[in-house]
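Enquirer: I have a structure here, written as structure tokens, and I will follow up with some questions on it.
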Amino acid sequence: MAKLVRLVRFLFVCSVLLAIAGGVFVGLTIWYFGRDLPDYQTLARYEPPITTHVHAGDGRLLAEYATERRVFVPVSAIPKLVIDAFLSAEDKNFYSHHGIDPLSIVRAAILDLGRWHDRRRPIGASTITQQVAKNMLLTNQLSVARKVKEILLAIRIDESLSKDHILELYLNEIYLGAGSYGVAAAALTYFDKPLDELTLGEAAFLAGLPKAPSNYNPVRYPQAAENRRNWVLDRMVEDGYATAAEAAAAKAEPVVVRHREAAEVVKAAYFAEEVRRELLARYGERALYESGLSVRTSLDPPTQAAANTALRDGLIAYDHSHGGWRGPVAHIDATGDWPLHLAAVAQPPGADAMAWQLAVVLRTEGDGARIGLKNGTVGLIPFAQLRWARRRLADGALGAYPRSARDVVKPGDVVLVAPAPESATAATASRVSVVGHSAGGRLLARTRAAPLPLFELCQIPGVSGALVAIDPHTGRVLAISGGFSFEISQFDRATQAERQPGSAIKPFVYLTALQHGFTPSTLVLDAPISLPQGPGLPPWTPSDYEHAFMGPVPLRVALEHSLNTATARVAQIIGMEAIGETVESFGIMDHMPREYSMSLGAGETTPLRLTAAYAMLVNGGKRIAPTLVDRVQDRNGLTVFRADRRPCPGCSNVEWTHQKVPVIPDTRPQIADPQSAFQIVQMMEGVVQRGTGVAVKAVDKPIAGKTGTTSDWRDAWFVGFTPDLAAGVYIGYDDHASLGKGEQAAVVAAPVFRDFMIAALKNSPPTEFRIPPGLQMYRVNPQTGLPPGPGEPGIWEAYKPGTAPGKDRDMAMHGMPGDQETSQMSAPDANAAPASAAPATGTGGLY
């Protein structure tokens, strides 16, 4: 008996010591691994990364930016069916345990002993809380240390957060394959459904994915996916979340993936990229890609579509007439299985933007080239659609026009084609048509009953350009097309290309003159002139394009015909300091050198800045800043940025009770005399009606603008406006190569502007330019600036009070110093004060 007592006492002491040792071990373990645990309190403030959505002005989607495709849904909005499925599959005791499930851990440990012996990966016994700790605070490393930390964190998280909050984190954070994070994103990805439309089987399938999403991919492994879904359904029956009959019905349904229909996305890649850069600069990369911003932009989709079409068509037209044929995309064997060979040729970048497709030349004929498409269709490129394809010679000049199809292509050439215009199709008679072909592409039968489909030869243009459109009253950018294709080049020529504006700068020279006393009828001498450029430099001697001089002409005519020597003489009279101040105040350049050559556009600017400056002319000389983003909201709907910052206390949170509409103040700074601004607008109307921009006259609505061509014909511009829309077109090579001798903006850029305006304004009624108060309208002959005589043409011209046309005209002319007949005038130093500091008198003065 004594021995038994001693044995019991010994065992008791051992048990106590073992318990103490175990307690010490557990305490040391908790202390050791708990020293550097992540801060689990951050989960209380955690906001999962969600997608930033960028929308066009009409609400349509423009772009999405995210590191993970996730749709956040509060746990209160997640259907019970989905929650039940995940609880059965992952943690049926979730609402009863305290972060860990000891029974599950013991069960998994026993099973893992056998798996360890067989060198198999251990199974998990992680609760949902443990998975939250691992996925959001730890790594996926397989180690005892990580598992201990996971358990400690799970216990602490369970103590700190509510069960619903933990479940919300889990269901929105878990990765479910196919790039989907969270149950809402997965429901859309796999079934194209919101959560509340999921069936029992679909919810069970999603609940079975967390274990190994790639292994249960229903497309690659349909049987494994079905088996896993059925396993979850069985667990749901055991846990009382579904009846046996409901589970059986769900098991009878196949796992059918319904790919999500692509949302309608506005095609404006250059605009979207500018918005992305702006958001990145303002909020940083993390906010852009993870904060779920909602961005409303100023983009107008119809205007953007018109800009894309007009610019691309203009670049193609120029390339056809001046770029030359640069040869086929590739060459393949056209005698064997040509459809297979053609399918292996990659589509060139930029071709998709025009819906062009690849074709192989099967043979050349007298009436064109027989071609085959990837789908086996055989068609014809009529010779008329090949006539443009002149080859460039070794000296860079274009060769002669081809005389037959074989001068352009040969069998086996892979080329880009598009359906021929309807006019070409109608003009072509019935051709021999293939009605069948063998697997090897050999012709099987022919008939003369139906014509072949006709195509035109296409080519990615070598030249590039930009088109930008702005609301002149607000500065909201309505469209940006920064090149032929964003896929070819992400360089945005509308905002990033610094180019010389050439004669497109002249309206601001003449605006300065009008603000210094000139009128549209002031006579300016168009004759040779040399101006000093500074010590040690030769005189600057500009010349007109046609090297012919018109003599004394009204200021209006000088602008309409873009007379260089007359403009240089205006610059000499009013001084470059005044012109520089005007150019800088309109935002064309930040710091313009005070050199005479700047008056003819020798400086550099971007199409966006120059177009914005023109917009400030038509809006009456009010300063605006081009903006692409109207409003930014955070994930909670709070507005964090608004472009329109005008105060309006009565515009928000107001119930409509038929009170007066709030009056929003006009806070735009006045940077130019509105009367002078309207005068220059009228003069620019003359550019379209009678001058270098006459190609734009076809818009057939009140419109004004100015051409711009730079030295050696490197850059071509047309910038202009209607009363409510300003737009600018730039055409040029990225390497500053010449567009070709004599390639003026009037024939390169103006037609692009014309086509854009016709499309953009097709649903807009004609609107006259708005006349500011105080001006007086007189009828004048546009060629002389004087009241029209019998039978002479006349226009209505605006004059400031006291400057009526013809007043003191002869006296002012005779009062001009120097010999009026001289062909060359001396001039003061460019850095000296203006030669006429006082305003010009009336309309007189021969300058």
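In the structure tokens, chains take letters A, B, ... by order of appearance, with residues numbered from 1 within each chain and ligands from 1 in the order shown.
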What lies within 7 Å of region 56-59 of chain A using only C-alpha atoms, ignoring chain neighbours under 3 positions off, as a VMD selection string?
Expert: chain A and resid 62 296 to 300
Enquirer: Would you list, as a ChimeraX atom specification, the residues of region 118-275 of chain A that end up in helix (DSSP H, G or I) under DSSP run on this structure's backbone?
Expert: /A:128-137,144-160,163-173,183-191,195-197,200-207,213-216,222-238,244-251,269-275
Enquirer: May I ask which of the residues A:Arg220, A:His320, A:Arg642, A:Lys374 is the closest one to Val345 (chain A), counting only C-alpha atoms?
Expert: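 Nearest to Val345 (chain A): A:Lys374.
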Enquirer: Set the distance at 7 Å and use only C-alpha atoms: which residues neighbour Ser481 (chain A) once local chain neighbours fewer than 4 positions away are removed? I'd like the list as a PyMOL selection string.
Expert: chain A and resi 270+307-308+466-468+494
Enquirer: Go through A:Pro607, A:Pro790, A:Gly740, A:Gly732 and flag the residue nearest Leu398 (chain A), using only C-alpha atoms for the distances.
Expert: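 Under the stated criterion, the closest residue is A:Gly740.
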Enquirer: Set the distance at 12 Å and use only C-alpha atoms: which residues neighbour Asn172 (chain A) once local chain neighbours fewer than 4 positions away are removed? I'd like the list as an mmCIF file with N, CA and C atoms, in the first residue's frame.
Expert:
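The result, written out as out18.cif:
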```cif
data_model
loop_
_atom_site.group_PDB
_atom_site.id
_atom_site.type_symbol
_atom_site.label_atom_id
_atom_site.label_comp_id
_atom_site.auth_asym_id
_atom_site.auth_seq_id
_atom_site.Cartn_x
_atom_site.Cartn_y
_atom_site.Cartn_z
ATOM 1 N N TYR A 46 -8.302 48.110 -41.976
ATOM 2 C CA TYR A 46 -7.867 47.617 -43.275
ATOM 3 C C TYR A 46 -8.896 47.894 -44.371
ATOM 4 N N GLU A 47 -8.402 48.363 -45.478
ATOM 5 C CA GLU A 47 -9.226 48.566 -46.661
ATOM 6 C C GLU A 47 -8.589 47.788 -47.800
ATOM 7 N N PRO A 48 -9.221 46.750 -48.278
ATOM 8 C CA PRO A 48 -8.607 45.915 -49.314
ATOM 9 C C PRO A 48 -8.390 46.693 -50.606
ATOM 10 N N PRO A 49 -7.346 46.363 -51.335
ATOM 11 C CA PRO A 49 -7.114 47.037 -52.622
ATOM 12 C C PRO A 49 -8.269 46.772 -53.580
ATOM 13 N N ILE A 50 -8.834 47.824 -54.129
ATOM 14 C CA ILE A 50 -9.904 47.671 -55.115
ATOM 15 C C ILE A 50 -9.594 48.543 -56.328
ATOM 16 N N GLU A 68 -5.002 44.131 -58.206
ATOM 17 C CA GLU A 68 -5.801 42.928 -58.011
ATOM 18 C C GLU A 68 -7.234 43.226 -58.420
ATOM 19 N N ARG A 69 -7.828 42.266 -59.136
ATOM 20 C CA ARG A 69 -9.212 42.447 -59.576
ATOM 21 C C ARG A 69 -10.133 42.062 -58.429
ATOM 22 N N ARG A 70 -10.689 43.068 -57.775
ATOM 23 C CA ARG A 70 -11.507 42.818 -56.603
ATOM 24 C C ARG A 70 -12.700 43.761 -56.589
ATOM 25 N N VAL A 71 -13.837 43.216 -56.132
ATOM 26 C CA VAL A 71 -15.028 44.026 -55.882
ATOM 27 C C VAL A 71 -15.359 43.873 -54.405
ATOM 28 N N PHE A 72 -15.232 44.935 -53.650
ATOM 29 C CA PHE A 72 -15.475 44.845 -52.206
ATOM 30 C C PHE A 72 -16.968 44.860 -51.919
ATOM 31 N N VAL A 73 -17.406 43.889 -51.074
ATOM 32 C CA VAL A 73 -18.808 43.797 -50.693
ATOM 33 C C VAL A 73 -18.877 43.656 -49.176
ATOM 34 N N PRO A 74 -19.612 44.508 -48.469
ATOM 35 C CA PRO A 74 -19.760 44.341 -47.008
ATOM 36 C C PRO A 74 -20.398 42.999 -46.686
ATOM 37 N N VAL A 75 -20.046 42.456 -45.541
ATOM 38 C CA VAL A 75 -20.563 41.142 -45.183
ATOM 39 C C VAL A 75 -22.086 41.167 -45.077
ATOM 40 N N ALA A 77 -24.040 42.485 -47.087
ATOM 41 C CA ALA A 77 -24.613 42.384 -48.429
ATOM 42 C C ALA A 77 -24.292 41.056 -49.100
ATOM 43 N N ILE A 78 -23.541 40.202 -48.435
ATOM 44 C CA ILE A 78 -23.214 38.894 -49.003
ATOM 45 C C ILE A 78 -24.336 37.920 -48.651
ATOM 46 N N ILE A 83 -22.246 32.559 -47.711
ATOM 47 C CA ILE A 83 -21.572 32.432 -46.411
ATOM 48 C C ILE A 83 -21.640 30.997 -45.909
ATOM 49 N N VAL A 132 -7.019 34.448 -42.502
ATOM 50 C CA VAL A 132 -6.918 35.911 -42.560
ATOM 51 C C VAL A 132 -5.550 36.359 -42.050
ATOM 52 N N ASN A 135 -2.882 35.237 -44.765
ATOM 53 C CA ASN A 135 -2.971 35.930 -46.047
ATOM 54 C C ASN A 135 -2.690 37.418 -45.938
ATOM 55 N N MET A 136 -3.013 38.013 -44.791
ATOM 56 C CA MET A 136 -2.937 39.465 -44.687
ATOM 57 C C MET A 136 -1.791 39.962 -43.816
ATOM 58 N N HIS A 165 -16.733 40.899 -38.958
ATOM 59 C CA HIS A 165 -15.645 41.668 -39.564
ATOM 60 C C HIS A 165 -14.571 40.740 -40.097
ATOM 61 N N ILE A 166 -14.234 39.704 -39.330
ATOM 62 C CA ILE A 166 -13.237 38.739 -39.792
ATOM 63 C C ILE A 166 -13.721 38.051 -41.063
ATOM 64 N N LEU A 167 -14.984 37.648 -41.081
ATOM 65 C CA LEU A 167 -15.537 36.984 -42.259
ATOM 66 C C LEU A 167 -15.563 37.930 -43.458
ATOM 67 N N GLU A 168 -15.852 39.185 -43.224
ATOM 68 C CA GLU A 168 -15.853 40.180 -44.310
ATOM 69 C C GLU A 168 -14.466 40.312 -44.921
ATOM 70 N N LEU A 176 -9.387 33.429 -55.545
ATOM 71 C CA LEU A 176 -10.225 32.348 -56.050
ATOM 72 C C LEU A 176 -9.923 32.003 -57.505
ATOM 73 N N SER A 180 -9.055 36.671 -59.780
ATOM 74 C CA SER A 180 -10.157 37.222 -58.995
ATOM 75 C C SER A 180 -9.860 37.141 -57.507
ATOM 76 N N TYR A 181 -10.005 38.277 -56.841
ATOM 77 C CA TYR A 181 -9.848 38.349 -55.395
ATOM 78 C C TYR A 181 -11.197 38.688 -54.789
ATOM 79 N N GLY A 182 -11.644 37.821 -53.876
ATOM 80 C CA GLY A 182 -12.932 38.044 -53.250
ATOM 81 C C GLY A 182 -14.058 37.348 -53.986
ATOM 82 N N VAL A 183 -15.132 37.054 -53.252
ATOM 83 C CA VAL A 183 -16.226 36.271 -53.821
ATOM 84 C C VAL A 183 -17.000 37.042 -54.890
ATOM 85 N N ALA A 184 -17.119 38.343 -54.739
ATOM 86 C CA ALA A 184 -17.888 39.120 -55.723
ATOM 87 C C ALA A 184 -17.201 39.121 -57.078
ATOM 88 N N ALA A 185 -15.884 39.325 -57.075
ATOM 89 C CA ALA A 185 -15.139 39.307 -58.331
ATOM 90 C C ALA A 185 -15.167 37.917 -58.952
ATOM 91 N N ALA A 186 -15.073 36.872 -58.125
ATOM 92 C CA ALA A 186 -15.099 35.508 -58.648
ATOM 93 C C ALA A 186 -16.453 35.175 -59.260
ATOM 94 N N ALA A 187 -17.541 35.620 -58.641
ATOM 95 C CA ALA A 187 -18.868 35.365 -59.195
ATOM 96 C C ALA A 187 -19.009 35.977 -60.583
#
```
